[in-house]
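> Starting off with a structure, shown below.
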Amino acid sequence: MGLSLACLMMMSSCSKEDALSPEPKIESVNTSSDLRGGVISAYLPYLAGTNGQPGLDIYPLNWERNNTNYFSTNSVTLPTGTSSLTQLWGNSVKWAKPLETIPTAPKANSVVTVTTKACSWAGEFENQASVKTKIKNLIPGKRYAITYYVASSIHALQDSNGLSSYATKVRVSLSDEGHGGGNYYVDLTGIKAEWVAQTVTYAAGSTEADLAFSAITQKGKYAYAHIFVDKNSIIKLD
């Protein structure tokens, strides 16, 4: 009887263990670091900011010189890089008029800079330098609002021949493999070292899109133009 009772108790214990439901397995969200302490969510649109180390031919994370679409590849005559609000390339000559503090980012002190000697968009790509970045984590068919700041400035050591000038207009181009996007222009005529904000609505055609920046100036002149964005510059609308 003792053996029978012990057997029954063991069978009862096994039965209760088998009846317990296993604990659910928690899956981690697939994210990646932006190398500056932040985390890029796989479910949020990502547009790399222009904060970074200033320098000639130096760019913030995920930004680069745009040598496609016939833009100039000559980094000597038409350089690009990252500048501070007070100096060309951050450690070169000072701006004749320092760039204003960016309204939505008062602590930001770096922007991406392009040069241009083109006076028209038509047929003058070789006279324009351009930069670009890739917007990620987009949902095809969904709309996004993208906000950026643009400006132009002249360095203090202007050319003795008087060729330096403020840019008259800048262009931001959005494009993706699904043929979404377009060209967006900001008129900077008469605006000197002051930021102009523009917000555009973009309908994504694919999961990634290219954002490119370039500028034009007066005929026979040479100009520097700047763009600023940060991690808050893109929001999903629907």
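Ordering of the structure tokens sets the chain letters (A, B, ...); residue numbers start at 1 within each chain; ligands are numbered from 1 in the order shown.
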For Ser110 of chain A, list every protein, DNA or RNA residue within 6 Å, evaluated using only C-alpha atoms, and leave out those in the same chain fewer than 5 positions away; present the list as a list in words.

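Contacts, in chain order: Asn51, Ser83 and Ser84 of chain A.
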
> Could the residues in this selection be saved with C-alpha atoms as a CSV table (one decimal), in the first residue's frame?


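Result saved to part-v7.csv:
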```
chain,number,residue,atom,x,y,z
A,51,ASN,CA,25.2,67.5,-37.0
A,83,SER,CA,30.8,73.8,-41.9
A,84,SER,CA,30.1,75.5,-38.6
```

> Please provide the set of residues having any atom within 9 Å of segment 123-139 of chain A, restricted to only C-alpha atoms, with same-chain residues fewer than 5 positions apart removed, written as number ranges by chain.

A: 41-48, 61-75, 78-81, 112-118, 144, 204-216, 236

> Show me, as a list in words, the residues that have an atom within 9 Å of Val111 of chain A when counting only C-alpha atoms, minus same-chain residues fewer than 6 positions from it.

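So, after excluding close chain neighbours, the residues are Thr50, Asn51, Gly52, Pro54, Pro60, Gly81, Thr82, Ser83, Ser84, Leu85, His226, Ile227, Phe228 and Val229 of chain A.
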
> Apply DSSP to the structure's backbone, then extract all residues of segment 15-193 of chain A labelled strand (DSSP E or B) and return them as number ranges by chain.

A: 32-33, 39-40, 46, 55-56, 63-65, 81-84, 87, 94-95, 102, 105, 110-116, 128, 131-136, 143-153, 155, 164, 169-175, 181-187

> Which of segment 11-235 of chain A counts as alpha helix (DSSP H) under DSSP, as a list in words please?

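Secondary structure check on segment 11-235 of chain A, alpha helix (DSSP H): Met11, Ser12, Ser13, Cys14, Ser15, Lys16, Glu17, Asp18 and Ala19 of chain A.
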
> Keeping only all heavy atoms, take the residues you just selected and write them out as a PDB file, in the first residue's frame.


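Now in again.pdb:
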```
ATOM      1  N   MET A  11       2.704  10.349  -9.757  1.00  0.00           N
ATOM      2  CA  MET A  11       1.889  10.521 -10.967  1.00  0.00           C
ATOM      3  C   MET A  11       1.121  11.816 -10.889  1.00  0.00           C
ATOM      4  O   MET A  11       0.981  12.555 -11.869  1.00  0.00           O
ATOM      5  CB  MET A  11       0.944   9.338 -11.133  1.00  0.00           C
ATOM      6  CG  MET A  11       1.646   8.029 -11.471  1.00  0.00           C
ATOM      7  SD  MET A  11       0.495   6.650 -11.572  1.00  0.00           S
ATOM      8  CE  MET A  11      -0.526   7.192 -12.941  1.00  0.00           C
ATOM      9  N   SER A  12       0.634  12.183  -9.692  1.00  0.00           N
ATOM     10  CA  SER A  12      -0.113  13.425  -9.529  1.00  0.00           C
ATOM     11  C   SER A  12       0.794  14.617  -9.762  1.00  0.00           C
ATOM     12  O   SER A  12       0.430  15.596 -10.395  1.00  0.00           O
ATOM     13  CB  SER A  12      -0.711  13.479  -8.119  1.00  0.00           C
ATOM     14  OG  SER A  12      -1.341  14.716  -7.901  1.00  0.00           O
ATOM     15  N   SER A  13       2.053  14.537  -9.242  1.00  0.00           N
ATOM     16  CA  SER A  13       3.004  15.625  -9.415  1.00  0.00           C
ATOM     17  C   SER A  13       3.351  15.823 -10.884  1.00  0.00           C
ATOM     18  O   SER A  13       3.386  16.937 -11.388  1.00  0.00           O
ATOM     19  CB  SER A  13       4.259  15.335  -8.604  1.00  0.00           C
ATOM     20  OG  SER A  13       5.237  16.320  -8.837  1.00  0.00           O
ATOM     21  N   CYS A  14       3.603  14.736 -11.615  1.00  0.00           N
ATOM     22  CA  CYS A  14       3.932  14.821 -13.044  1.00  0.00           C
ATOM     23  C   CYS A  14       2.778  15.415 -13.821  1.00  0.00           C
ATOM     24  O   CYS A  14       2.972  16.194 -14.736  1.00  0.00           O
ATOM     25  CB  CYS A  14       4.283  13.441 -13.596  1.00  0.00           C
ATOM     26  SG  CYS A  14       5.839  12.792 -12.944  1.00  0.00           S
ATOM     27  N   SER A  15       1.577  15.042 -13.455  1.00  0.00           N
ATOM     28  CA  SER A  15       0.399  15.527 -14.176  1.00  0.00           C
ATOM     29  C   SER A  15       0.263  17.029 -14.042  1.00  0.00           C
ATOM     30  O   SER A  15      -0.053  17.738 -14.986  1.00  0.00           O
ATOM     31  CB  SER A  15      -0.849  14.820 -13.645  1.00  0.00           C
ATOM     32  OG  SER A  15      -2.001  15.339 -14.262  1.00  0.00           O
ATOM     33  N   LYS A  16       0.546  17.568 -12.793  1.00  0.00           N
ATOM     34  CA  LYS A  16       0.431  18.998 -12.586  1.00  0.00           C
ATOM     35  C   LYS A  16       1.488  19.752 -13.372  1.00  0.00           C
ATOM     36  O   LYS A  16       1.247  20.811 -13.929  1.00  0.00           O
ATOM     37  CB  LYS A  16       0.572  19.301 -11.092  1.00  0.00           C
ATOM     38  CG  LYS A  16      -0.649  18.861 -10.274  1.00  0.00           C
ATOM     39  CD  LYS A  16      -0.438  19.177  -8.800  1.00  0.00           C
ATOM     40  CE  LYS A  16      -1.653  18.724  -7.975  1.00  0.00           C
ATOM     41  NZ  LYS A  16      -1.463  19.011  -6.523  1.00  0.00           N
ATOM     42  N   GLU A  17       2.737  19.209 -13.442  1.00  0.00           N
ATOM     43  CA  GLU A  17       3.797  19.872 -14.192  1.00  0.00           C
ATOM     44  C   GLU A  17       3.477  19.929 -15.678  1.00  0.00           C
ATOM     45  O   GLU A  17       3.718  20.920 -16.354  1.00  0.00           O
ATOM     46  CB  GLU A  17       5.118  19.150 -13.972  1.00  0.00           C
ATOM     47  CG  GLU A  17       5.655  19.332 -12.543  1.00  0.00           C
ATOM     48  CD  GLU A  17       6.927  18.565 -12.341  1.00  0.00           C
ATOM     49  OE1 GLU A  17       7.357  17.899 -13.302  1.00  0.00           O
ATOM     50  OE2 GLU A  17       7.495  18.634 -11.239  1.00  0.00           O
ATOM     51  N   ASP A  18       2.916  18.822 -16.210  1.00  0.00           N
ATOM     52  CA  ASP A  18       2.571  18.790 -17.623  1.00  0.00           C
ATOM     53  C   ASP A  18       1.470  19.788 -17.935  1.00  0.00           C
ATOM     54  O   ASP A  18       1.372  20.311 -19.049  1.00  0.00           O
ATOM     55  CB  ASP A  18       2.117  17.382 -18.043  1.00  0.00           C
ATOM     56  CG  ASP A  18       3.286  16.401 -18.007  1.00  0.00           C
ATOM     57  OD1 ASP A  18       4.444  16.881 -18.004  1.00  0.00           O
ATOM     58  OD2 ASP A  18       3.037  15.184 -17.972  1.00  0.00           O
ATOM     59  N   ALA A  19       0.626  20.091 -16.953  1.00  0.00           N
ATOM     60  CA  ALA A  19      -0.508  20.970 -17.205  1.00  0.00           C
ATOM     61  C   ALA A  19      -0.107  22.438 -17.213  1.00  0.00           C
ATOM     62  O   ALA A  19      -0.849  23.287 -17.690  1.00  0.00           O
ATOM     63  CB  ALA A  19      -1.582  20.742 -16.133  1.00  0.00           C
TER      64      ALA A  19
END
```

> Could the residues of segment 103-190 of chain A that have an atom at most 7 Å from segment 230-235 of chain A be listed as a Markdown table, each with its closest atom pair and the distance in Å to one decimal, counting only C-alpha atoms and ordered by chain and ascending residue number?


```
| residue | atom | partner | partner_atom | distance |
| --- | --- | --- | --- | --- |
| A:Tyr144 | CA | A:Ile235 | CA | 5.6 |
| A:Ala145 | CA | A:Ile235 | CA | 5.4 |
| A:Ile146 | CA | A:Ile234 | CA | 4.5 |
| A:Thr147 | CA | A:Ser233 | CA | 5.0 |
| A:Tyr148 | CA | A:Ser233 | CA | 6.5 |
```

> Using only all heavy atoms, please write the residues we just selected to a file, as a compact mmCIF listing (two decimals), in the first residue's frame.


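Contents of again.txt, freshly written:
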```
# COMPACT_ATOMS: atom_id res chain seq x y z
N TYR A 144 4.68 61.56 -45.83
CA TYR A 144 5.58 62.05 -44.79
C TYR A 144 5.78 63.55 -44.96
O TYR A 144 5.78 64.07 -46.08
CB TYR A 144 6.93 61.34 -44.89
CG TYR A 144 6.84 59.85 -44.66
CD1 TYR A 144 6.54 58.98 -45.73
CD2 TYR A 144 7.04 59.29 -43.41
CE1 TYR A 144 6.44 57.61 -45.53
CE2 TYR A 144 6.95 57.92 -43.20
CZ TYR A 144 6.65 57.09 -44.27
OH TYR A 144 6.54 55.73 -44.06
N ALA A 145 5.95 64.24 -43.84
CA ALA A 145 6.30 65.66 -43.85
C ALA A 145 7.79 65.77 -43.53
O ALA A 145 8.27 65.22 -42.54
CB ALA A 145 5.49 66.43 -42.83
N ILE A 146 8.53 66.45 -44.40
CA ILE A 146 9.97 66.62 -44.23
C ILE A 146 10.27 68.11 -44.11
O ILE A 146 9.90 68.90 -44.98
CB ILE A 146 10.74 66.01 -45.41
CG1 ILE A 146 10.42 64.51 -45.53
CG2 ILE A 146 12.24 66.22 -45.26
CD1 ILE A 146 11.01 63.87 -46.77
N THR A 147 10.95 68.49 -43.04
CA THR A 147 11.30 69.89 -42.80
C THR A 147 12.81 70.06 -42.79
O THR A 147 13.53 69.28 -42.17
CB THR A 147 10.73 70.37 -41.45
OG1 THR A 147 9.30 70.24 -41.47
CG2 THR A 147 11.08 71.84 -41.20
N TYR A 148 13.29 71.07 -43.48
CA TYR A 148 14.72 71.36 -43.51
C TYR A 148 14.92 72.87 -43.52
O TYR A 148 14.00 73.65 -43.82
CB TYR A 148 15.40 70.73 -44.74
CG TYR A 148 14.62 70.86 -46.02
CD1 TYR A 148 14.67 72.05 -46.77
CD2 TYR A 148 13.82 69.82 -46.47
CE1 TYR A 148 13.94 72.17 -47.94
CE2 TYR A 148 13.09 69.94 -47.64
CZ TYR A 148 13.15 71.11 -48.37
OH TYR A 148 12.41 71.25 -49.52
```

> Using only C-alpha atoms, which residue out of A:Val93, A:Ile154, A:Val186, A:Ala108 lies closest to Val172 of chain A?

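The closest residue to Val172 of chain A is A:Val186.
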
> Neighbours of Lys94 of chain A within 9 Å (only C-alpha atoms; same-chain residues fewer than 6 positions away dropped), as a ChimeraX atom specification?

/A:86-88,154-157

> Given only C-alpha atoms as the basis, pick out the residue of A:Ala225, A:Ala203, A:Val196, A:Val76 nearest to Thr168 of chain A.

A:Ala225

> If we count only C-alpha atoms and set the cut-off at 10 Å, which residues sit around Asp238 of chain A, ignoring sequence neighbours fewer than 5 positions away in its own chain? Please answer as a ChimeraX atom specification.

/A:141-144

> Between atom CA of Ser153 of chain A and atom CA of Gly182 of chain A, measure the distance and give it in Å to one decimal.

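Taking atom CA of Ser153 of chain A as the start and atom CA of Gly182 of chain A as the end point, the length is 25.9 Å.
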
> Check the smallest atom-to-atom distance from each of A:Val150, A:Leu237, A:Ile191, A:Ala197 to Arg171 of chain A using only C-alpha atoms, then report the winner.

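Under the stated criterion, the closest residue is A:Val150.
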
> Between atom CA of Thr217 of chain A and atom CA of Ala105 of chain A, what is the spacing in Å?

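According to the coordinates, atom CA of Ala105 of chain A and atom CA of Thr217 of chain A are separated by 27.2 Å.
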
> Kindly give the distance, in Å, that separates atom CA of Leu56 of chain A and atom CA of Gly190 of chain A, rounded to a single decimal.

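Answer for the atom CA of Leu56 of chain A to atom CA of Gly190 of chain A separation: 26.8 Å.
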